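Written out below as structure tokens is the structure these notes cover.
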Amino acid sequence: MDQQQRLPKDSWEDHIHTLKLFVPKEFSFQENLNYLQRSPNECLFTIRNDSIYRAIPLEDDVAVIEVSAENHEQAILVRFLGNTTPTEPSKRTEVANYVRDWFDLNTDLVPFYSMAETDPMLSQAVQSFYGLRNMGIPDLFEALCWGILGQQINLAYAYTLKRRFVEAFGRRIECEGEVYWMFPRPEDIAPLRVEDLGGLRMTVKKCEYLLGVAGLMTDGKLTKELLLEAGSLKKAEKQLDGIRGIGPWTANYVLMRCLRMPAAFPIDDVGLHNAIKHLLGLEAKPTKKEILELSAGWTNWESYATFYLWRFLY
DNA sequence: TGCCAGGTAAACA
DNA sequence: TGTTTACATGGC
């Protein structure tokens, strides 16, 4: 698909029905699993016996995979389920890249941990969640929709809206007796009208935003490549900010979870405010000025700092 | 019950 | 340029 990152050649091994992805030393499968289990209402993957199951959309195909930790967590094992084992090397690479991107395996966390040692809040976070990665949303349309769906509502309801949206317009595949859902594609949504989303029970504005983003993407005016080619975080943020329904929070959220820009920073995030309030024992939520002061040392790790602090809440 | 949710656009000063 | 308000509904 479109998550072709520059990977070291030895970052994974191919074993026919299983791909073995090597992980950095600063990695904990269990911590990432804990994060993924934060909602019982997640509809895009399931977790059973410390393994993750999900369907991955490929160029013109689907792979259903089980993701688990190798003994001693030296590697992640990706096993293909049913008859979904892809034969073409390009598709196998696509799956490996997708999972590596999902778990953010290509980022070296050593500098972040080193910086966090002297930060009052991050030192606690790193100690509590050592090995956690910024679990991403590799699909740009999914990341944008999730950002829009989650605006101004509690996380539980956001998951409900996502489930309704996915089960109404996404694709499903059955494999080994289980049903797996995949997020709708822009072309599934762009032809719809606001009335078609009426059953989801969200604001008319949210419906308009989703349709608008789907249209921009089917027109090729909004892609991961265009955002990366913007050349800087600020320019990419500006590209997104100009789209109806996307403000500073959603822009930075998407640049953080999907484009993996390390300095992306959703500074207006209520969850971040609550985490800081909780950690520092404040009476009220911190002001923007206070957050800027507290985060002054996080340069180029703002996204990781935010992700770790969120873990204190959810 | 009422207030707050992993905000944004539009209206207004 | 900065501040206020409507938006819809669920969770607690």
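As shown in the structure tokens, the chain order sets the letters A, B, ...; within each chain, residues go from 1, and ligands are also counted from 1 in the order they appear.
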
Residues within 6 Å of range 209-213 of chain A, please, as JSON, numbers by chain. Count only C-alpha atoms (C1' of nucleotides); anything in the same chain fewer than 2 positions from it doesn't count.
{"A": [190, 206, 207, 215, 216, 245]}

Excluding DC4 in chain B and any residue of its chain fewer than 6 positions from it, enumerate the residues within 10 Å of it, using only C-alpha atoms (C1' of nucleotides), and give them as a ChimeraX atom specification.
/A:152-154 /C:11-12

Can you build me a table of chain A residues sitting at most 12 Å from chain B, with the closest atom pair per residue and its distance in Å to one decimal, using only C-alpha atoms (C1' of nucleotides), sorted by chain and residue number, as JSON lines?
```
{"residue": "A:Trp146", "atom": "CA", "partner": "B:DG6", "partner_atom": "C1'", "distance": 10.3}
{"residue": "A:Gly147", "atom": "CA", "partner": "B:DG6", "partner_atom": "C1'", "distance": 8.4}
{"residue": "A:Ile148", "atom": "CA", "partner": "B:DG7", "partner_atom": "C1'", "distance": 8.6}
{"residue": "A:Leu149", "atom": "CA", "partner": "B:DG7", "partner_atom": "C1'", "distance": 10.2}
{"residue": "A:Gly150", "atom": "CA", "partner": "B:DG6", "partner_atom": "C1'", "distance": 6.7}
{"residue": "A:Gln151", "atom": "CA", "partner": "B:DG7", "partner_atom": "C1'", "distance": 4.9}
{"residue": "A:Gln152", "atom": "CA", "partner": "B:DG7", "partner_atom": "C1'", "distance": 5.1}
{"residue": "A:Ile153", "atom": "CA", "partner": "B:DA5", "partner_atom": "C1'", "distance": 4.1}
{"residue": "A:Asn154", "atom": "CA", "partner": "B:DA5", "partner_atom": "C1'", "distance": 3.9}
{"residue": "A:Leu155", "atom": "CA", "partner": "B:DG6", "partner_atom": "C1'", "distance": 7.0}
{"residue": "A:Ala156", "atom": "CA", "partner": "B:DA5", "partner_atom": "C1'", "distance": 9.4}
{"residue": "A:Tyr157", "atom": "CA", "partner": "B:DA5", "partner_atom": "C1'", "distance": 9.0}
{"residue": "A:Ala158", "atom": "CA", "partner": "B:DG6", "partner_atom": "C1'", "distance": 9.6}
{"residue": "A:Tyr159", "atom": "CA", "partner": "B:DG6", "partner_atom": "C1'", "distance": 11.8}
{"residue": "A:Lys205", "atom": "CA", "partner": "B:DT8", "partner_atom": "C1'", "distance": 9.3}
{"residue": "A:Lys206", "atom": "CA", "partner": "B:DT8", "partner_atom": "C1'", "distance": 9.8}
{"residue": "A:Tyr209", "atom": "CA", "partner": "B:DT8", "partner_atom": "C1'", "distance": 10.2}
{"residue": "A:Asp241", "atom": "CA", "partner": "B:DT8", "partner_atom": "C1'", "distance": 10.5}
{"residue": "A:Gly242", "atom": "CA", "partner": "B:DA9", "partner_atom": "C1'", "distance": 11.7}
{"residue": "A:Ile243", "atom": "CA", "partner": "B:DT8", "partner_atom": "C1'", "distance": 10.8}
{"residue": "A:Arg244", "atom": "CA", "partner": "B:DA9", "partner_atom": "C1'", "distance": 8.1}
{"residue": "A:Gly245", "atom": "CA", "partner": "B:DT8", "partner_atom": "C1'", "distance": 6.0}
{"residue": "A:Ile246", "atom": "CA", "partner": "B:DT8", "partner_atom": "C1'", "distance": 7.1}
{"residue": "A:Gly247", "atom": "CA", "partner": "B:DT8", "partner_atom": "C1'", "distance": 6.2}
{"residue": "A:Pro248", "atom": "CA", "partner": "B:DG7", "partner_atom": "C1'", "distance": 8.9}
{"residue": "A:Trp249", "atom": "CA", "partner": "B:DG7", "partner_atom": "C1'", "distance": 7.1}
{"residue": "A:Thr250", "atom": "CA", "partner": "B:DG7", "partner_atom": "C1'", "distance": 8.1}
{"residue": "A:Ala251", "atom": "CA", "partner": "B:DG7", "partner_atom": "C1'", "distance": 11.2}
{"residue": "A:Asn252", "atom": "CA", "partner": "B:DG6", "partner_atom": "C1'", "distance": 11.7}
{"residue": "A:Tyr253", "atom": "CA", "partner": "B:DG6", "partner_atom": "C1'", "distance": 8.9}
{"residue": "A:Val254", "atom": "CA", "partner": "B:DG6", "partner_atom": "C1'", "distance": 12.0}
{"residue": "A:Pro266", "atom": "CA", "partner": "B:DG6", "partner_atom": "C1'", "distance": 9.0}
{"residue": "A:Ile267", "atom": "CA", "partner": "B:DG6", "partner_atom": "C1'", "distance": 10.6}
{"residue": "A:Asp268", "atom": "CA", "partner": "B:DG7", "partner_atom": "C1'", "distance": 8.7}
{"residue": "A:Asp269", "atom": "CA", "partner": "B:DG6", "partner_atom": "C1'", "distance": 5.7}
{"residue": "A:Val270", "atom": "CA", "partner": "B:DG6", "partner_atom": "C1'", "distance": 6.1}
{"residue": "A:Gly271", "atom": "CA", "partner": "B:DG6", "partner_atom": "C1'", "distance": 5.3}
{"residue": "A:Leu272", "atom": "CA", "partner": "B:DG6", "partner_atom": "C1'", "distance": 7.7}
{"residue": "A:His273", "atom": "CA", "partner": "B:DG6", "partner_atom": "C1'", "distance": 9.9}
{"residue": "A:Asn274", "atom": "CA", "partner": "B:DG6", "partner_atom": "C1'", "distance": 10.3}
{"residue": "A:Ala275", "atom": "CA", "partner": "B:DG6", "partner_atom": "C1'", "distance": 11.1}
{"residue": "A:Thr306", "atom": "CA", "partner": "B:DG6", "partner_atom": "C1'", "distance": 10.7}
{"residue": "A:Phe307", "atom": "CA", "partner": "B:DG6", "partner_atom": "C1'", "distance": 10.7}
{"residue": "A:Leu309", "atom": "CA", "partner": "B:DG6", "partner_atom": "C1'", "distance": 11.8}
{"residue": "A:Trp310", "atom": "CA", "partner": "B:DG6", "partner_atom": "C1'", "distance": 8.6}
{"residue": "A:Arg311", "atom": "CA", "partner": "B:DG6", "partner_atom": "C1'", "distance": 11.6}
{"residue": "A:Leu313", "atom": "CA", "partner": "B:DG6", "partner_atom": "C1'", "distance": 10.4}
{"residue": "A:Tyr314", "atom": "CA", "partner": "B:DG6", "partner_atom": "C1'", "distance": 10.1}
```

Could you list, with a cut-off of 8 Å and counting only C-alpha atoms (C1' of nucleotides), the residues of chain C near chain A, each shown with its nearest atom pair and the distance in Å rounded to one decimal, rows sorted by chain and ascending number, as a tab-separated table?
```
residue	atom	partner	partner_atom	distance
C:DC7	C1'	A:Thr203	CA	6.7
C:DA8	C1'	A:Thr203	CA	5.4
C:DT9	C1'	A:Met202	CA	7.3
C:DG10	C1'	A:Tyr157	CA	6.1
C:DG11	C1'	A:Asn154	CA	7.7
```

Any chance you can output those residues with N, CA and C atoms (P, O5', C5', C4', C3', O3' and C1' of nucleotides) as an mmCIF file, in the first residue's frame?
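Written file, selection36.cif:
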```
data_model
loop_
_atom_site.group_PDB
_atom_site.id
_atom_site.type_symbol
_atom_site.label_atom_id
_atom_site.label_comp_id
_atom_site.auth_asym_id
_atom_site.auth_seq_id
_atom_site.Cartn_x
_atom_site.Cartn_y
_atom_site.Cartn_z
ATOM 1 P P DC C 7 -27.441 24.282 17.344
ATOM 2 O "O5'" DC C 7 -26.427 23.090 17.025
ATOM 3 C "C5'" DC C 7 -25.564 23.194 15.908
ATOM 4 C "C4'" DC C 7 -24.508 22.141 16.001
ATOM 5 C "C3'" DC C 7 -25.028 20.737 16.403
ATOM 6 O "O3'" DC C 7 -24.615 19.826 15.412
ATOM 7 C "C1'" DC C 7 -23.061 21.267 17.543
ATOM 8 P P DA C 8 -25.579 18.823 14.809
ATOM 9 O "O5'" DA C 8 -25.534 17.779 15.985
ATOM 10 C "C5'" DA C 8 -26.667 17.354 16.668
ATOM 11 C "C4'" DA C 8 -26.389 16.003 17.204
ATOM 12 C "C3'" DA C 8 -27.492 15.458 18.098
ATOM 13 O "O3'" DA C 8 -27.526 14.069 17.851
ATOM 14 C "C1'" DA C 8 -25.514 15.794 19.371
ATOM 15 P P DT C 9 -28.631 13.160 18.430
ATOM 16 O "O5'" DT C 9 -27.781 12.363 19.519
ATOM 17 C "C5'" DT C 9 -26.583 11.722 19.117
ATOM 18 C "C4'" DT C 9 -25.797 11.377 20.349
ATOM 19 C "C3'" DT C 9 -26.617 10.789 21.489
ATOM 20 O "O3'" DT C 9 -26.252 9.438 21.606
ATOM 21 C "C1'" DT C 9 -24.970 12.325 22.252
ATOM 22 P P DG C 10 -26.988 8.447 22.584
ATOM 23 O "O5'" DG C 10 -25.749 8.003 23.465
ATOM 24 C "C5'" DG C 10 -24.526 7.743 22.802
ATOM 25 C "C4'" DG C 10 -23.392 7.776 23.795
ATOM 26 C "C3'" DG C 10 -23.646 6.947 25.048
ATOM 27 O "O3'" DG C 10 -22.443 6.289 25.336
ATOM 28 C "C1'" DG C 10 -23.171 9.186 25.661
ATOM 29 P P DG C 11 -22.490 5.017 26.303
ATOM 30 O "O5'" DG C 11 -21.697 5.623 27.546
ATOM 31 C "C5'" DG C 11 -20.424 6.190 27.314
ATOM 32 C "C4'" DG C 11 -19.903 6.778 28.612
ATOM 33 C "C3'" DG C 11 -20.249 5.961 29.849
ATOM 34 O "O3'" DG C 11 -19.094 5.907 30.659
ATOM 35 C "C1'" DG C 11 -21.059 8.179 30.091
#
```

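Distance-wise, CA of Leu292 in chain A and CA of Lys238 in chain A end up 20.2 Å apart.
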
Hey, what does DSSP flag as alpha helix (DSSP H) within range 93-296 of chain A? Can you give it to me as a ChimeraX atom specification?
/A:93-102,110-116,120-128,140-149,155-169,186-189,204-218,224-229,233-241,248-257,270-280,288-294
